[in-house]
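Printed here is coords_20.pdb (PDB, C-alpha atoms):
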```pdb
ATOM      1  CA  SER A 196     103.873 119.372 100.213
ATOM      2  CA  ALA A 197     105.149 119.125 103.755
ATOM      3  CA  LEU A 198     106.203 115.746 105.048
ATOM      4  CA  LEU A 199     104.089 114.422 107.847
ATOM      5  CA  SER A 200     106.479 113.392 110.595
ATOM      6  CA  ARG A 201     105.909 111.578 113.835
ATOM      7  CA  VAL A 202     109.656 111.162 114.261
ATOM      8  CA  SER A 203     112.027 113.508 116.079
ATOM      9  CA  PRO A 204     115.739 113.394 116.926
ATOM     10  CA  GLU A 205     116.871 111.039 119.682
ATOM     11  CA  SER A 206     117.283 112.897 122.947
ATOM     12  CA  GLY A 207     117.629 110.287 125.662
ATOM     13  CA  ARG A 208     115.179 112.165 127.856
ATOM     14  CA  ALA A 209     111.446 112.589 128.227
ATOM     15  CA  ARG A 210     110.399 115.813 126.544
ATOM     16  CA  ARG A 211     107.486 118.124 127.182
ATOM     17  CA  CYS A 212     106.505 121.644 126.177
ATOM     18  CA  ILE A 213     109.195 123.924 127.672
ATOM     19  CA  PHE A 214     106.762 126.867 127.876
ATOM     20  CA  ALA A 215     104.314 124.795 129.910
ATOM     21  CA  ASP A 216     107.146 123.550 132.111
ATOM     22  CA  ALA A 217     108.411 127.113 132.640
ATOM     23  CA  ALA A 218     104.928 128.268 133.646
ATOM     24  CA  ARG A 219     104.669 125.446 136.161
ATOM     25  CA  GLU A 220     108.067 126.308 137.643
ATOM     26  CA  LYS A 221     107.090 129.974 137.953
ATOM     27  CA  LEU A 222     103.941 129.007 139.839
ATOM     28  CA  ASN A 223     105.874 126.436 141.880
ATOM     29  CA  LEU A 224     103.690 123.619 140.558
ATOM     30  CA  PRO A 225     104.869 120.004 140.361
ATOM     31  CA  PRO A 226     105.456 118.337 136.975
ATOM     32  CA  PRO A 227     102.278 116.999 135.366
ATOM     33  CA  PRO A 228     101.468 113.361 136.129
ATOM     34  CA  PRO A 229     101.820 110.789 133.329
ATOM     35  CA  LEU A 230      98.807 110.484 131.068
ATOM     36  CA  PRO A 231      96.860 107.238 131.486
ATOM     37  CA  PRO A 232      97.363 104.884 128.524
ATOM     38  CA  GLY A 233      94.448 104.339 126.179
ATOM     39  CA  LYS A 234      92.413 107.258 127.491
ATOM     40  CA  VAL A 235      91.290 110.301 125.507
ATOM     41  CA  LEU A 236      91.671 113.515 127.500
ATOM     42  CA  VAL A 237      90.644 117.022 126.480
ATOM     43  CA  PRO A 238      92.028 120.257 127.989
ATOM     44  CA  GLY A 239      89.756 122.384 130.139
ATOM     45  CA  ALA A 240      88.175 125.705 129.236
ATOM     46  CA  ALA A 241      91.260 127.678 130.309
ATOM     47  CA  VAL A 242      93.184 126.088 127.433
ATOM     48  CA  LEU A 243      90.405 125.649 124.877
ATOM     49  CA  SER A 244      88.780 129.085 125.133
ATOM     50  CA  PRO A 245      91.784 131.075 123.815
ATOM     51  CA  LEU A 246      92.242 128.524 121.026
ATOM     52  CA  LEU A 247      88.590 128.741 120.010
ATOM     53  CA  GLY A 248      88.581 132.545 119.905
ATOM     54  CA  ARG A 249      86.220 135.273 121.060
ATOM     55  CA  ASP A 250      83.073 133.511 119.932
ATOM     56  CA  HIS A 251      84.200 130.431 121.806
ATOM     57  CA  VAL A 252      80.682 129.638 123.065
ATOM     58  CA  GLU A 253      79.469 129.025 119.505
ATOM     59  CA  LYS A 254      82.714 127.345 118.482
ATOM     60  CA  ARG A 255      82.686 125.198 121.595
ATOM     61  CA  ALA A 256      79.194 123.981 120.646
ATOM     62  CA  ARG A 257      80.459 122.993 117.176
ATOM     63  CA  TRP A 258      83.549 121.432 118.724
ATOM     64  CA  THR A 259      81.358 119.383 121.077
ATOM     65  CA  ALA A 260      79.164 118.254 118.188
ATOM     66  CA  GLN A 261      82.264 117.194 116.234
ATOM     67  CA  ARG A 262      83.586 115.275 119.198
ATOM     68  CA  GLU A 263      80.261 113.486 119.681
ATOM     69  CA  ALA A 264      80.240 112.546 115.981
ATOM     70  CA  LEU A 265      83.787 111.236 116.296
ATOM     71  CA  GLU A 266      82.944 109.195 119.397
ATOM     72  CA  ALA A 267      80.027 107.631 117.516
ATOM     73  CA  THR A 268      82.427 106.643 114.722
ATOM     74  CA  VAL A 269      85.572 105.347 116.478
ATOM     75  CA  TRP A 270      86.799 104.202 119.865
ATOM     76  CA  VAL A 271      90.121 103.422 121.534
ATOM     77  CA  SER A 272      90.632  99.713 122.142
ATOM     78  CA  SER A 273      93.317  97.355 123.388
ATOM     79  CA  ASP A 274      91.725  94.295 121.740
ATOM     80  CA  ASP A 275      93.067  92.889 118.465
ATOM     81  CA  VAL A 276      95.201  95.915 117.579
ATOM     82  CA  VAL A 277      98.638  95.818 115.955
ATOM     83  CA  ASP A 278     100.268  97.195 119.102
ATOM     84  CA  GLY A 279      99.573  94.079 121.126
ATOM     85  CA  GLY A 280     100.679  95.677 124.384
ATOM     86  CA  GLY A 281      98.964  98.997 123.783
ATOM     87  CA  HIS A 282      95.940 100.579 122.186
ATOM     88  CA  GLY A 283      94.591 101.455 118.769
ATOM     89  CA  LEU A 284      91.760 103.376 117.141
ATOM     90  CA  VAL A 285      88.941 101.110 115.952
ATOM     91  CA  ALA A 286      85.883 101.848 113.797
ATOM     92  CA  ARG A 287      82.498 101.543 115.516
ATOM     93  CA  THR A 288      80.649 101.665 112.201
ATOM     94  CA  PRO A 289      81.550 100.841 108.579
ATOM     95  CA  LEU A 290      83.534 103.676 106.973
ATOM     96  CA  LYS A 291      83.725 104.296 103.243
ATOM     97  CA  ARG A 292      86.837 105.111 101.254
ATOM     98  CA  GLY A 293      87.114 108.864 100.671
ATOM     99  CA  ALA A 294      85.274 109.850 103.846
ATOM    100  CA  THR A 295      87.061 112.172 106.277
ATOM    101  CA  VAL A 296      86.709 111.855 110.032
ATOM    102  CA  VAL A 297      87.576 115.119 111.815
ATOM    103  CA  ASP A 298      89.370 114.865 115.153
ATOM    104  CA  PRO A 299      88.703 118.048 117.149
ATOM    105  CA  THR A 300      90.663 116.649 120.098
ATOM    106  CA  ALA A 301      93.941 117.167 118.186
ATOM    107  CA  LEU A 302      95.081 120.804 118.223
ATOM    108  CA  VAL A 303      96.651 122.638 115.262
ATOM    109  CA  VAL A 304      99.336 124.878 116.773
ATOM    110  CA  ASP A 305     100.532 128.066 115.095
ATOM    111  CA  ARG A 306     104.182 127.627 115.973
ATOM    112  CA  PRO A 307     107.202 126.411 113.940
ATOM    113  CA  SER A 308     107.336 122.642 113.597
ATOM    114  CA  ASP A 309     111.022 122.784 114.563
ATOM    115  CA  TYR A 310     109.837 123.664 118.066
ATOM    116  CA  ALA A 311     107.848 120.440 118.238
ATOM    117  CA  ARG A 312     110.801 118.424 116.909
ATOM    118  CA  ALA A 313     113.057 119.897 119.580
ATOM    119  CA  HIS A 314     110.757 119.766 122.590
ATOM    120  CA  LEU A 315     108.088 117.106 122.166
ATOM    121  CA  PRO A 316     108.259 113.291 122.136
ATOM    122  CA  GLU A 317     108.305 111.750 118.690
ATOM    123  CA  TYR A 318     104.726 110.460 118.598
ATOM    124  CA  ASP A 319     103.063 113.386 120.362
ATOM    125  CA  TYR A 320     102.835 115.703 117.352
ATOM    126  CA  ILE A 321     102.610 115.803 113.561
ATOM    127  CA  ALA A 322     104.706 118.353 111.679
ATOM    128  CA  TYR A 323     102.621 120.476 109.307
ATOM    129  CA  GLY A 324     104.920 122.493 107.073
ATOM    130  CA  LYS A 325     107.479 124.825 108.640
ATOM    131  CA  ASN A 326     105.156 127.044 110.634
ATOM    132  CA  ASN A 327     102.634 124.701 112.223
ATOM    133  CA  TYR A 328     102.268 121.359 113.919
ATOM    134  CA  VAL A 329      99.400 119.271 115.219
ATOM    135  CA  LEU A 330      99.554 118.510 118.930
ATOM    136  CA  LEU A 331      98.302 114.987 119.586
ATOM    137  CA  ARG A 332      99.318 114.545 123.202
ATOM    138  CA  GLU A 333     100.671 116.806 125.943
ATOM    139  CA  ALA A 334     100.778 115.913 129.632
ATOM    140  CA  ALA A 335     101.069 119.549 130.736
ATOM    141  CA  LEU A 336      97.735 120.306 129.042
ATOM    142  CA  GLU A 337      96.147 116.982 130.004
ATOM    143  CA  LEU A 338      95.633 116.373 126.293
ATOM    144  CA  SER A 339      95.465 112.937 124.676
ATOM    145  CA  SER A 340      93.658 112.945 121.325
ATOM    146  CA  TYR A 341      91.938 110.205 119.389
ATOM    147  CA  ALA A 342      94.444 110.613 116.550
ATOM    148  CA  TYR A 343      97.302 109.893 118.957
ATOM    149  CA  HIS A 344      96.006 106.306 119.192
ATOM    150  CA  VAL A 345      96.237 105.618 115.444
ATOM    151  CA  ASN A 346      98.929 102.971 114.994
ATOM    152  CA  GLY A 347     101.330 102.748 112.080
ATOM    153  CA  ALA A 348     100.483 100.118 109.467
ATOM    154  CA  ASP A 349     104.128  99.002 109.502
ATOM    155  CA  PHE A 350     104.233  98.595 113.298
ATOM    156  CA  GLU A 351     106.985  96.110 114.232
ATOM    157  CA  GLY A 352     107.643  95.053 110.678
ATOM    158  CA  GLY A 353     104.056  95.085 109.468
ATOM    159  CA  ASP A 354     103.032  95.871 105.906
ATOM    160  CA  ALA A 355     102.740  99.620 105.266
ATOM    161  CA  SER A 356     100.269  98.899 102.468
ATOM    162  CA  ARG A 357      97.715  97.967 105.162
ATOM    163  CA  ALA A 358      97.220 101.683 105.886
ATOM    164  CA  ASN A 359      93.538 102.555 105.542
ATOM    165  CA  VAL A 360      93.644 106.198 106.646
ATOM    166  CA  LYS A 361      95.913 109.163 106.060
ATOM    167  CA  TYR A 362      96.254 112.365 108.029
ATOM    168  CA  VAL A 363      94.904 115.493 106.315
ATOM    169  CA  ILE A 364      94.368 119.099 107.308
ATOM    170  CA  VAL A 365      90.778 120.230 106.824
ATOM    171  CA  ARG A 366      89.188 123.655 107.103
ATOM    172  CA  ASP A 367      86.352 124.275 109.506
ATOM    173  CA  GLU A 368      84.089 126.047 107.015
ATOM    174  CA  GLN A 369      81.697 127.254 109.722
ATOM    175  CA  GLY A 370      84.156 128.443 112.321
ATOM    176  CA  GLY A 371      87.269 129.024 110.247
ATOM    177  CA  GLY A 372      90.657 127.667 111.175
ATOM    178  CA  THR A 373      92.105 124.259 110.466
ATOM    179  CA  GLN A 374      91.688 120.832 112.030
ATOM    180  CA  LEU A 375      93.197 117.386 111.744
ATOM    181  CA  GLY A 376      91.249 114.810 109.795
ATOM    182  CA  LEU A 377      91.597 111.098 109.080
ATOM    183  CA  ARG A 378      90.775 110.401 105.430
ATOM    184  CA  LEU A 379      89.785 106.848 104.576
ATOM    185  CA  THR A 380      91.971 105.374 101.825
ATOM    186  CA  ALA A 381      90.050 102.075 101.881
ATOM    187  CA  ASP A 382      86.698 100.794 103.083
ATOM    188  CA  VAL A 383      86.832  99.858 106.777
ATOM    189  CA  ARG A 384      84.542  97.382 108.509
ATOM    190  CA  ALA A 385      83.015  97.958 111.932
ATOM    191  CA  GLY A 386      85.510  96.604 114.457
ATOM    192  CA  GLU A 387      88.495  97.102 112.133
ATOM    193  CA  GLU A 388      91.508  99.095 113.313
ATOM    194  CA  LEU A 389      92.427 102.368 111.611
ATOM    195  CA  LEU A 390      96.059 102.308 110.487
ATOM    196  CA  ALA A 391      98.176 105.090 108.992
ATOM    197  CA  ALA A 392     101.498 105.410 107.201
ATOM    198  CA  TYR A 393     103.453 107.906 109.299
ATOM    199  CA  THR A 394     105.540 109.148 106.351
ATOM    200  CA  THR A 395     102.629 110.042 104.062
ATOM    201  CA  PRO A 396     102.735 113.737 102.978
ATOM    202  CA  LEU A 397     100.316 115.910 104.965
TER
END
```
Using the file provided, produce a representation of the structure as structure tokens.
Amino acid sequence: SALLSRVSPESGRARRCIFADAAREKLNLPPPPPLPPGKVLVPGAAVLSPLLGRDHVEKRARWTAQREALEATVWVSSDDVVDGGGHGLVARTPLKRGATVVDPTALVVDRPSDYARAHLPEYDYIAYGKNNYVLLREAALELSSYAYHVNGADFEGGDASRANVKYVIVRDEQGGGTQLGLRLTADVRAGEELLAAYTTPL
């Protein structure tokens, strides 16, 4: 199986999608502003409609329902998370081991994962095999997903065995296509932070 990676080569520079940057330059638009920390942002219809396909009205309704279900299950918090100066994803309700929480705010991109490694910051994507990656965060699209806020269980020397979720790819059986999911590897209490192991196979 492919190795899930939230690590890319050191570059010494802030990286963004070069296609998005090129489009902005062509239109003489300024660079996108930094994304606000701890906030979930979803692209507008101009971005989502092509991704959702021709029947995007029906798919958008399902997507909205999935997002509402996700928001009822988790939230982004800065309180009592392993990244003491940042944010984490916390359960609103008890979650059982084996359950899968779908994150429709993360986008599965049909483009080689080498592109993401070369052009995106290390924590803004998840490699999915050779020909796909999951986009978690992108300033040019004003995208910041829930999954982006999942901290690593081994953050700053922590114990990787504390991981209670793993990233999985799930199929949208109604609308087709693939989505990112968080599968519970342990029972999680309400108010407990969701933690992943970034090197777990996807």
Problem - Shell around Leu330 in chain A at 6 Å using only C-alpha atoms, local window under 5 positions removed, as a list in words - result: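 Once the nearby chain positions are removed, what remains is Ala301, Leu302 and Tyr320 of chain A.
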Exercise for the section: Using the chain letters and numbers from the file, give me the residues hit by the PyMOL selection byres ((chain A and resi 390) around 7), as a list in words. Expected result: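 Selected by the PyMOL selection byres ((chain A and resi 390) around 7) here: Val345, Asn346, Gly347, Ala348, Ala358, Asn359, Val360, Glu388, Leu389 and Ala391 of chain A.
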Handout entry: Selection near Leu377 in chain A, 9 Å with all atoms listed in the file, sequence-local residues under 6 positions removed, as a VMD selection string
Key = chain A and resid 294 to 298 342 360 to 364 391
Would you kindly return, as a compact mmCIF listing (two decimals) with C-alpha atoms, in the coordinates of the input, each protein, DNA or RNA residue with an atom no farther than 9 Å from any atom of range 280-288 of chain A, considering all atoms listed in the file and excluding same-chain residues fewer than 5 positions away?
```txt
# COMPACT_ATOMS: atom_id res chain seq x y z
CA PRO A 232 97.36 104.88 128.52
CA GLY A 233 94.45 104.34 126.18
CA GLU A 266 82.94 109.20 119.40
CA ALA A 267 80.03 107.63 117.52
CA THR A 268 82.43 106.64 114.72
CA VAL A 269 85.57 105.35 116.48
CA TRP A 270 86.80 104.20 119.86
CA VAL A 271 90.12 103.42 121.53
CA SER A 272 90.63 99.71 122.14
CA SER A 273 93.32 97.36 123.39
CA ASP A 274 91.72 94.30 121.74
CA ASP A 275 93.07 92.89 118.46
CA TYR A 341 91.94 110.20 119.39
CA ALA A 342 94.44 110.61 116.55
CA TYR A 343 97.30 109.89 118.96
CA HIS A 344 96.01 106.31 119.19
CA VAL A 345 96.24 105.62 115.44
CA ASN A 346 98.93 102.97 114.99
CA VAL A 383 86.83 99.86 106.78
CA ARG A 384 84.54 97.38 108.51
CA ALA A 385 83.02 97.96 111.93
CA GLY A 386 85.51 96.60 114.46
CA GLU A 387 88.50 97.10 112.13
CA GLU A 388 91.51 99.10 113.31
CA LEU A 389 92.43 102.37 111.61
CA LEU A 390 96.06 102.31 110.49
```
Exercise for the section: May I ask for the distance between CA of Ala311 in chain A and CA of Asn327 in chain A, given in Å to one decimal place? Expected result: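 Between CA of Ala311 in chain A and CA of Asn327 in chain A the gap is 9.0 Å.
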8 Å per side around range 312-324 of chain A: axis-aligned box centre and edge lengths, as lines of an AutoDock Vina configuration file:
```
center_x = 107.8
center_y = 116.5
center_z = 114.8
size_x = 26.4
size_y = 28.0
size_z = 31.5
```
Completion exercise
Among A:Asp305, A:Glu333, A:Asp367, A:Asp319, Arg257 in chain A is approached most closely, using only C-alpha atoms, by A:Asp367
Practice task
Rank A:Val237, A:Pro231, A:Pro299, A:Gln374 by their smallest atom-to-atom distance to Ala264 in chain A, using only C-alpha atoms, and report the top residue only.
Solution key: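 Ranked by minimum distance to Ala264 in chain A, first place goes to A:Pro299.
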Exercise for the section: Could you tell me which residues the PyMOL selection byres ((chain A and resi 326) around 8) returns for this structure, as a list in words? Expected result: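 Evaluating the PyMOL selection byres ((chain A and resi 326) around 8) on these coordinates yields Asp305, Arg306, Pro307, Ser308, Tyr323, Gly324, Lys325, Asn327 and Tyr328 of chain A.
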Practice task
For each of A:Val277, A:Leu230, A:Pro316, A:Ile321, take the minimum atom-to-atom distance to Arg357 in chain A, counting all atoms listed in the file, then give the residue where this is smallest.
Solution key: A:Val277
Practice task
Could you check which of A:Thr300, A:Gln261, A:Ser356, A:Ser340 is closest to Ala381 in chain A, using all atoms listed in the file?
Solution key: A:Ser356
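Distance-wise, CA of Leu315 in chain A and CA of Leu379 in chain A end up 27.4 Å apart.
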Exercise for the section: Record the distance separating CA of Gly279 in chain A and CA of Gly352 in chain A, expressed in Å with one decimal. Expected result: 13.2 Å
Exercise for the section: Find the residue from A:Leu338, A:Val304, A:Leu290, A:Ala313 that sits nearest to Asp382 in chain A; use all atoms listed in the file when measuring. Expected result: A:Leu290
